[in-house]
Structures are given as structure tokens and as C-alpha cells.
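Visitor: Okay, here's the structure, questions in a sec.
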Amino acid sequence: MEPVFADFSTTPAQLSNAVVTHHRCGIAPSHVALGAGGYIGVDFTVGEREGIVEAVVTVTLLDAGAPMDVLLNGKALAERLAIPGDGGQGDPLVTLLSVPGEILATGDNLLEVRNPEGADGLLRVCAVAVDPAHDRDRSERARAARTARRSIVAFTTEVRAPGSTAWQSAPRLLLHVDCGERAVPAHLAWGAAGGSEAAIGLRADLSGFLGHRRTADGTVTEYRGTLADRWAYPEGTTGAPLHRFSTEEGHDGAWSPSGELRLLLDDGGAPVERVSWTDRRGTTASVVLGGTGRTDPRESAGALRDITGAVSGIEASDEFDMAGEVADNLLSKSRSKWLANDDTAELDFTLEHPATVSVYRLTSANDAPDRDPEDWRLEGSHDGDHWTTVDSRTGQRFRRRHETKEYAVVSPAAYPRYRLSITGNHGSDQTQLSRVEFLAREVTVDGPARGAADFIGYRAPRGGAPVGYRGTAVPGPWSDVAGREDGQEAAHALQNLLAGDLGDTARGLDDAARLIGKLAAYLKQ
């Protein structure tokens with residue numbers, strides 16, 4: 001029998017050999033809530049000559065809110081079954097029901113889970129499954145395999161101060177840890193370049209997590225998250241700080257290849273420097289990244305690239321909205337301008353993803369030289385609350401209208417947010433600019449450094465001894481190079497195709513041939 005399950009703990013629900021109907025139900029992100037008299041029906045099929053002597057129905061509930069009836073092909077498996085609570089632990093409640101083989105029919109079958117008429121509470125169903133009794137984990141294995149394939153996971157998060165009852169919104173958490181075994185992480189801990197750190201425990205279905213975190217300034221909070229979205233690699237990684245490594249394991253001083261590690265962990269703060277995790281199979285690993293925020297001796301600075309187009313939002317402390325002289329004009333190539341009714345002003349820029357601004361340009365407006373900025377600071381931030389000055393200028397003067405002046409950043413580093421704090425102008429009670437531009441330097445890799453590792457650490461199988469673990473970053477033409485979109489797409493897709501599970505060999509080879517052609521055309525440019 002093909003695995004049968006309906007998993008409502010994800011959005012959208014995951015179904016296998018199942019068609020779901022419902023009545024008097026509410027759909028929540030992690031479950032289906034059945035009111036009194038409500039039900040869900042799961043239609044599934046059993047093939048001929050399967051000869052199932054006994055089956056097992058598994059019903060997973062969010063809590064013990066109401067009794068339930070369970071029927072298979074109209075025959076009751078349970079009536080007004082009251083599920084004992086878990087003592088407030090918050091874990092899903094799992095009920096197993098035995099099914100005599102003669103109740104199953106060859107072809108179509110109908111499983112119903114009902115909240116009886118007159119029940120007081122809601123019956124919150126997270127998942128249902130049907131398995132042969134001799135292989136009762138079949139659907140769970142299939143569900144876990146599907147979950148592992150959709151391994152790019154995004155959570156909406158909240159934090160709460162010790163002793164407080166109120167949760168506050170926090171930045172999205174995006175994560176992906178895959179060392180080629182398609183094992184779902186159970187526990188995860190990390191530390192960032194600025195000194196912040198966090199540790200979380202994840203639910204088995206990745207519908208949420210609970211943990212704690214400490215910010216760079218030492219503030220400690222509870223930390224929780226709810227599944228927002230998930231994708232199969234490489235979806236969801238565009239613009240994200242994804243690390244890819246070719247890895248080795250060390251046994252008694254000898255190193256041998258150990259496949260590829262993909263690591264993505266973005267909590268909206270500083271770049272991650274160290275990560276530790278344990279997966280559902282019990283394998284533990286811990287790594288320290290060697291290149292976060294540091295200059296690689298193999299890298300050399302290339303040409304400047306305009307990344308102003310990566311600005312996804314801009315906010316000004318003040319702007320002249322009635323005349324249309326607003327902050328958004330600063331990103332336009334026209335000769336419009338931004339005007340603030342103050343002699344000081346702040347402009348906050350949010351990028352689509354963290355970037356290292358190496359150079360910035362300011363263009364004076366069309367009139368009134370006394371409104372030109374004279375003194376300012378350019379600051380970067382990982383969270384919008386803590387700012388670091390990367391460049392500052394005093395006594396600056398524009399010689400003419402619409403003049404563009406270029407400034408090299410003194411302390412460049414990767415930030416997702418930048419702020420231009422204008423602290424003085426040339427005497428006016430208003431401040432203006434025509435344009436602000438941000439530029440980053442291309443980085444080229446001159447070649448691998450002999451014996452260098454981009455991470456070091458260890459890993460240990462469940463119950464086994466730890467071994468050395470190290471990795472070298474995977475370089476390639478799929479890195480972010482302006483004007484090479486087709487080549488990037490072809491190289492990235494080809495790499496993922498060859499590294500992944502081809503499944504259908506004929507289709508895989510056909511795709512590979514097509515992508516190799518695109519990549520060859522790109523390399524000739």
C-alpha cells in the first residue's frame with residue numbers, strides 16, 4: 001500500500017495517497033480544528049493483492065480539547081475516545097488504533113475523524129496516517145523524506161524578556177543544514193560575529209521551535225518561532241548567506257572525502273561564525289567558519305559594482321511630501337531631489353540582503369547650496385537598533401549643482417541596513433540631496449590555498465566517537481556577478497542537478513546537456 005498520510009502541521013498540508021474533505025472545520029497553520037459535529041474525511045486507495053492482515057491508524061492531536069470518533073469505511077474504530085493530556089508539556093498527542101484487515105477494501109477507502117455532536121471543545125487534528133501493522137512506520141518515513149527534501153525553512157519569530165508575559169516580534173529566521181544525509185535538525189545553536197548567540201529545539205515536523213538567545217549587548221530572551229514557509233533547495237536561497245563546502249573527515253590523522261555541506265543560517269543579525277547541530281538520527285556536528293567577516297588571502301578586490309538597485313526600502317527623518325521632494329527620489333536617476341525641513345537629517349536604507357559597501361556617492365540638488373550636507377556619518381546595522389560607523393566626513397563642499405562626489409568607506413563590512421546621518425549643512429534650516437548611490441567591489445578568487453580550510457570542527461554519529469570535520473568553500477561562476485544572469489542560472493542549476501538525486505535518469509541527462517550548453521555559452525563571454 002502506498003503510504004497514506006495527511007499532515008496538517010505544515011502550510012500547505014502535505015498529502016500522500018489521500019484526498020481530504022472536511023465539515024465544520026477551521027484551518028490553522030499547524031492543525032485543523034473540528035467544531036462539534038465537524039469531521040475530516042481522508043479518501044485513500046489499497047491496491048489489489050496486497051493482502052493486508054492488519055493495519056494501524058495513527059491520529060495526532062494538538063491537545064486533549066475534545067473526544068473523538070474514528071471510522072473506517074463506516075465502521076467505528078473508536079467512539080467518544082477521550083485522549084489524556086500531557087500534563088501541559090505542549091507536545092502533540094498520538095493515538096494508535098488497530099484495524100482488522102477485512103475492514104480495508106481493495107480500491108477506495110474512507111477514514112473519518114469526527115468531533116461528536118454536543119462536544120464542548122475543539123478537536124485539533126495535526127495529522128492522520130494509515131499503515132500496515134507489520135510496517136507501521138511506513139508513512140512516517142515517507143513524510144520525513146518529503147520533509148527533508150523541503151529543507152529550506154523560514155520561521156516568523158518572537159522574543160520575550162525573562163519575567164515578562166508579552167512576546168515581541170523579532171526578525172525572520174531562515175535556516176538550512178544539509179550534509180547530504182537528508183536528516184532533519186532537532187537541535188541547533190549558533191554564534192554571530194557581533195557576539196550574539198542562540199540555541200533552539202525544533203519540532204519533529206519543523207512546524208516551530210523554542211529556545212533562547214542573547215544579543216550582542218548581553219540582553220537575554222526566550223526565543224520561539226512558527227513555520228512561515230519552506231522550499232526544496234535551492235529555492236528560497238536567493239540573496240541569502242548560503243555557505244557550500246566540500247568536506248572531509250579526519251580519522252587518526254588521515255583525511256578522507258565526506259561529501260558536501262550546505263549551511264544557511266540568517267536570523268537578521270550579524271553573519272554567523274559558529275554552528276552546532278544534532279539531527280533526528282542523533283548525529284552531532286559543530287563547526288567554526290574561518291572566513292566570516294575576514295579577508296581571504298586568496299581573494300583580490302575587483303571592479304566596483306553599483307548595488308543601489310538592491311535597496312528595498314528607504315526612510316527619512318523628514319521629507320517635503322507636498323512638493324514631491326521625498327526620499328524615494330534619492331534612488332532615481334532623474335534630477336529630482338529629497339528635501340528635509342531641518343538642518344540635520346537621517347536617511348535609513350534597507351538592502352535586499354547584506355552587502356559590503358566599499359564606496360558611496362552623493363549628488364547635490366538643483367539649488368540653494370546652503371542646504372548641501374557638510375558633515376555626516378555613514379553607519380551600518382544588522383538589526384536596525386545597533387549602529388556602527390563605517391565612514392564619517394566633515395567640512396565637505398559641493399562646487400556646483402548636480403555634482404556627484406565619491407567617498408571610499410573607511411571600515412567596510414557586510415550589513416543589511418545603512419544609515420546616512422547628516423549632522424550639519426552650510427547654514428540653511430533645510431537639507432537636500434539629489435541622489436545617493438552605493439557601490440561594492442567584486443571579489444575574485446585567485447585559487448585555492450594549499451591546506452586551507454574554510455571551516456573546522458567535529459562530527460559524531462549517534463553513540464559513536466567524534467571525528468575531525470573540515471571543509472573548503474565551493475567556488476564557481478554561480479557567485480554574484482553583475483550582468484551574468486544567464487550564466488549564473490545555468491551554472492547554479494547544473495550544479496544542483498549533478499549534486500542532487502536525478503531520480504529519472506533520462507530526464508536528468510537531458511537537463512544536464514541543456515544546462516552544459518548554456519554554461520559553455522556563458523564561459524565564452
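Residue numbering restarts at 1 for every chain of the C-alpha cells, chains are lettered A, B, ... in their displayed order, and ligands are numbered from 1 as they appear.
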Show which residues sit within 6 Å of region 100-115 of chain A, as a list in words. Count only C-alpha atoms, and ignore same-chain residues fewer than 2 positions away.
Guide: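 Listed by chain and then number, they are Ala36, Gly37, Gly38, Tyr39, Ile40, Gly41, Val42, Asp43, Phe44, Thr45, Val46, Gly47, Glu48, Ile52, Val53, Glu54, Met68, Asp69, Val70, Leu71, Leu72 and Asn73 of chain A.
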Visitor: Could you list, as a list in words, every residue within 8 Å of Arg136 (chain A), counting only C-alpha atoms and ignoring same-chain residues fewer than 5 positions away?
Guide: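 The residues satisfying every condition are Ala55, Val56 and Asp131 of chain A.
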Visitor: So that I can check the secondary structure, give me every residue of region 100-136 of chain A assigned strand (DSSP E or B) by backbone DSSP, as a VMD selection string.
Guide: chain A and resid 100 107 to 114 123 to 132
Visitor: What's around Ser258 (chain A) at 6 Å? Count only C-alpha atoms, leave out sequence neighbours fewer than 4 positions away in its own chain, and write the answer as a PDB file with N, CA, C and O atoms, in the first residue's frame.
Guide:
```
ATOM      1  N   THR A 247      33.629  18.720   2.007  1.00  0.00           N
ATOM      2  CA  THR A 247      34.071  18.384   3.355  1.00  0.00           C
ATOM      3  C   THR A 247      34.948  17.125   3.388  1.00  0.00           C
ATOM      4  O   THR A 247      34.958  16.313   2.466  1.00  0.00           O
ATOM      5  N   GLU A 248      35.664  16.996   4.514  1.00  0.00           N
ATOM      6  CA  GLU A 248      36.490  15.834   4.793  1.00  0.00           C
ATOM      7  C   GLU A 248      36.324  15.438   6.249  1.00  0.00           C
ATOM      8  O   GLU A 248      36.069  16.289   7.108  1.00  0.00           O
ATOM      9  N   GLU A 249      36.481  14.159   6.534  1.00  0.00           N
ATOM     10  CA  GLU A 249      36.510  13.656   7.900  1.00  0.00           C
ATOM     11  C   GLU A 249      37.920  13.171   8.224  1.00  0.00           C
ATOM     12  O   GLU A 249      38.594  12.602   7.356  1.00  0.00           O
TER      13      GLU A 249
END
```
Visitor: Based on DSSP run over this structure's backbone, return all residues of region 26-187 of chain A in alpha helix (DSSP H), as a list in words.
Guide: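 The residues of region 26-187 of chain A classed as alpha helix (DSSP H) are Arg138, Ser139, Glu140, Arg141, Ala142, Arg143, Ala144, Ala145, Arg146, Thr147, Ala148 and Arg149 of chain A.
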Visitor: Next, the residues of the selection above should be written as a compact mmCIF listing (two decimals), in the first residue's frame with C-alpha atoms.
Guide:
```txt
# COMPACT_ATOMS: atom_id res chain seq x y z
CA ARG A 138 5.95 3.49 6.59
CA SER A 139 4.03 6.76 6.36
CA GLU A 140 6.31 8.43 8.93
CA ARG A 141 9.37 7.53 6.87
CA ALA A 142 7.74 8.85 3.71
CA ARG A 143 6.72 12.04 5.48
CA ALA A 144 10.22 12.51 6.92
CA ALA A 145 11.79 12.00 3.50
CA ARG A 146 9.46 14.59 1.98
CA THR A 147 10.16 16.98 4.86
CA ALA A 148 13.91 16.56 4.38
CA ARG A 149 13.64 17.43 0.69
```
Visitor: Can you tell me, as a PyMOL selection string, what residues are no more than 9 Å from Ala28 (chain A) when counting only C-alpha atoms, ignoring any on the same chain fewer than 2 positions away?
Guide: chain A and resi 8-9+11+26+30-33
Visitor: Next, dump the selected residues to file, keeping only N, CA and C atoms, as an mmCIF file, in the first residue's frame.
Guide:
```cif
data_model
loop_
_atom_site.group_PDB
_atom_site.id
_atom_site.type_symbol
_atom_site.label_atom_id
_atom_site.label_comp_id
_atom_site.auth_asym_id
_atom_site.auth_seq_id
_atom_site.Cartn_x
_atom_site.Cartn_y
_atom_site.Cartn_z
ATOM 1 N N PHE A 8 -1.403 18.065 8.517
ATOM 2 C CA PHE A 8 -1.935 19.428 8.568
ATOM 3 C C PHE A 8 -1.036 20.374 9.357
ATOM 4 N N SER A 9 0.113 19.887 9.813
ATOM 5 C CA SER A 9 1.005 20.729 10.622
ATOM 6 C C SER A 9 1.856 21.646 9.764
ATOM 7 N N THR A 11 2.041 24.238 6.084
ATOM 8 C CA THR A 11 1.230 25.054 5.185
ATOM 9 C C THR A 11 1.935 25.145 3.835
ATOM 10 N N GLY A 26 -12.053 24.619 11.011
ATOM 11 C CA GLY A 26 -11.239 25.804 10.801
ATOM 12 C C GLY A 26 -9.819 25.381 10.473
ATOM 13 N N SER A 30 -0.997 25.035 11.881
ATOM 14 C CA SER A 30 -0.396 23.793 12.374
ATOM 15 C C SER A 30 -1.397 22.668 12.608
ATOM 16 N N HIS A 31 -2.690 22.885 12.297
ATOM 17 C CA HIS A 31 -3.687 21.857 12.561
ATOM 18 C C HIS A 31 -5.005 22.226 11.886
ATOM 19 N N VAL A 32 -5.950 21.276 11.937
ATOM 20 C CA VAL A 32 -7.331 21.526 11.530
ATOM 21 C C VAL A 32 -8.191 21.427 12.786
ATOM 22 N N ALA A 33 -8.982 22.455 13.069
ATOM 23 C CA ALA A 33 -9.810 22.492 14.273
ATOM 24 C C ALA A 33 -11.240 22.093 13.922
#
```
Visitor: Skip region 400-414 of chain A itself and residues of its chain fewer than 6 positions away, then list as a CSV table (one decimal) with all heavy atoms, in the first residue's frame all residues within 6 Å of it, counting only C-alpha atoms.
Guide:
```
chain,number,residue,atom,x,y,z
A,354,PRO,N,22.4,41.4,3.0
A,354,PRO,CA,23.7,42.1,3.5
A,354,PRO,C,24.7,42.3,2.3
A,354,PRO,O,24.9,41.4,1.5
A,354,PRO,CB,24.2,41.1,4.5
A,354,PRO,CG,23.0,40.3,5.0
A,354,PRO,CD,22.2,40.2,3.8
A,355,ALA,N,25.3,43.4,2.4
A,355,ALA,CA,26.3,43.8,1.3
A,355,ALA,C,27.4,44.7,2.0
A,355,ALA,O,27.1,45.4,2.9
A,355,ALA,CB,25.7,44.5,0.1
A,356,THR,N,28.6,44.5,1.4
A,356,THR,CA,29.7,45.4,1.9
A,356,THR,C,29.8,46.6,1.0
A,356,THR,O,30.3,46.4,-0.2
A,356,THR,CB,31.0,44.6,1.9
A,356,THR,OG1,30.9,43.4,2.7
A,356,THR,CG2,32.2,45.4,2.4
A,358,SER,N,31.6,49.5,-0.3
A,358,SER,CA,33.0,50.0,-0.4
A,358,SER,C,33.1,51.4,-0.7
A,358,SER,O,34.1,52.1,-0.3
A,358,SER,CB,33.8,49.1,-1.4
A,358,SER,OG,33.8,47.8,-1.1
A,359,VAL,N,32.2,51.9,-1.5
A,359,VAL,CA,32.2,53.3,-2.0
A,359,VAL,C,30.7,53.8,-2.0
A,359,VAL,O,29.8,53.0,-2.3
A,359,VAL,CB,32.8,53.4,-3.4
A,359,VAL,CG1,32.6,54.8,-4.0
A,359,VAL,CG2,34.3,53.1,-3.3
A,360,TYR,N,30.5,55.1,-1.7
A,360,TYR,CA,29.2,55.7,-1.8
A,360,TYR,C,29.3,57.0,-2.5
A,360,TYR,O,30.4,57.7,-2.4
A,360,TYR,CB,28.4,55.8,-0.5
A,360,TYR,CG,29.1,56.7,0.5
A,360,TYR,CD1,28.6,58.0,0.8
A,360,TYR,CD2,30.2,56.2,1.3
A,360,TYR,CE1,29.2,58.8,1.8
A,360,TYR,CE2,30.8,57.0,2.3
A,360,TYR,CZ,30.3,58.3,2.5
A,360,TYR,OH,30.8,59.1,3.4
A,361,ARG,N,28.3,57.4,-3.2
A,361,ARG,CA,28.3,58.7,-3.9
A,361,ARG,C,27.1,59.5,-3.5
A,361,ARG,O,26.0,59.0,-3.3
A,361,ARG,CB,28.2,58.4,-5.4
A,361,ARG,CG,29.4,57.7,-6.0
A,361,ARG,CD,29.1,57.3,-7.4
A,361,ARG,NE,30.2,56.5,-8.0
A,361,ARG,CZ,30.1,55.7,-9.1
A,361,ARG,NH1,28.9,55.6,-9.7
A,361,ARG,NH2,31.2,55.1,-9.6
A,362,LEU,N,27.3,60.8,-3.3
A,362,LEU,CA,26.3,61.8,-3.0
A,362,LEU,C,26.2,62.8,-4.2
A,362,LEU,O,27.3,63.3,-4.6
A,362,LEU,CB,26.5,62.5,-1.7
A,362,LEU,CG,26.7,61.6,-0.5
A,362,LEU,CD1,26.9,62.4,0.8
A,362,LEU,CD2,25.5,60.6,-0.3
A,363,THR,N,25.0,63.2,-4.6
A,363,THR,CA,24.8,64.2,-5.7
A,363,THR,C,24.1,65.3,-5.1
A,363,THR,O,23.0,65.2,-4.5
A,363,THR,CB,24.1,63.6,-6.9
A,363,THR,OG1,24.8,62.4,-7.4
A,363,THR,CG2,23.9,64.6,-8.0
A,364,SER,N,24.6,66.6,-5.3
A,364,SER,CA,24.0,67.8,-4.8
A,364,SER,C,22.7,68.0,-5.6
A,364,SER,O,22.5,67.6,-6.7
A,364,SER,CB,24.9,69.0,-4.9
A,364,SER,OG,25.3,69.2,-6.3
A,365,ALA,N,21.8,68.8,-5.0
A,365,ALA,CA,20.5,69.1,-5.6
A,365,ALA,C,20.6,70.3,-6.6
A,365,ALA,O,21.7,70.8,-6.9
A,365,ALA,CB,19.4,69.3,-4.6
A,366,ASN,N,19.4,70.8,-7.0
A,366,ASN,CA,19.4,71.8,-8.1
A,366,ASN,C,19.6,73.2,-7.7
A,366,ASN,O,19.9,74.1,-8.5
A,366,ASN,CB,18.0,71.7,-8.8
A,366,ASN,CG,16.9,72.0,-7.9
A,366,ASN,OD1,16.9,71.6,-6.7
A,366,ASN,ND2,15.9,72.7,-8.4
A,390,VAL,N,30.8,53.4,9.7
A,390,VAL,CA,31.8,52.8,8.8
A,390,VAL,C,32.5,53.9,8.0
A,390,VAL,O,33.6,53.7,7.4
A,390,VAL,CB,31.1,51.9,7.8
A,390,VAL,CG1,30.5,50.7,8.5
A,390,VAL,CG2,30.0,52.6,6.9
A,391,ASP,N,32.0,55.1,8.1
A,391,ASP,CA,32.7,56.3,7.4
A,391,ASP,C,32.1,57.6,8.0
A,391,ASP,O,30.9,57.6,8.3
A,391,ASP,CB,32.5,56.2,5.9
A,391,ASP,CG,33.4,57.2,5.2
A,391,ASP,OD1,34.6,57.0,5.2
A,391,ASP,OD2,32.9,58.2,4.6
```
Visitor: For Arg172 (chain A), work out the shell of residues within 6 Å, counting only C-alpha atoms and skipping chain neighbours fewer than 6 positions away, then give it as a list of chain:residue names.
Guide: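 These residues fall inside the cut-off: A:Phe155, A:Thr156, A:Thr157.
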Visitor: Smallest atom-to-atom distance to Thr10 (chain A): which of A:Leu265, A:Leu81, A:Leu188, A:Ile27, using only C-alpha atoms?
Guide: A:Ile27
Visitor: Hey, can you check how far CA of Ala127 (chain A) sits from CA of Ala186 (chain A)?
Guide: 19.6 Å
Visitor: Contacts of Arg230 (chain A) at 10 Å or less, counting only C-alpha atoms, minus same-chain residues fewer than 3 places along, as a PyMOL selection string?
Guide: chain A and resi 10-12+147+149-155+174-176+206+227+233+235-236
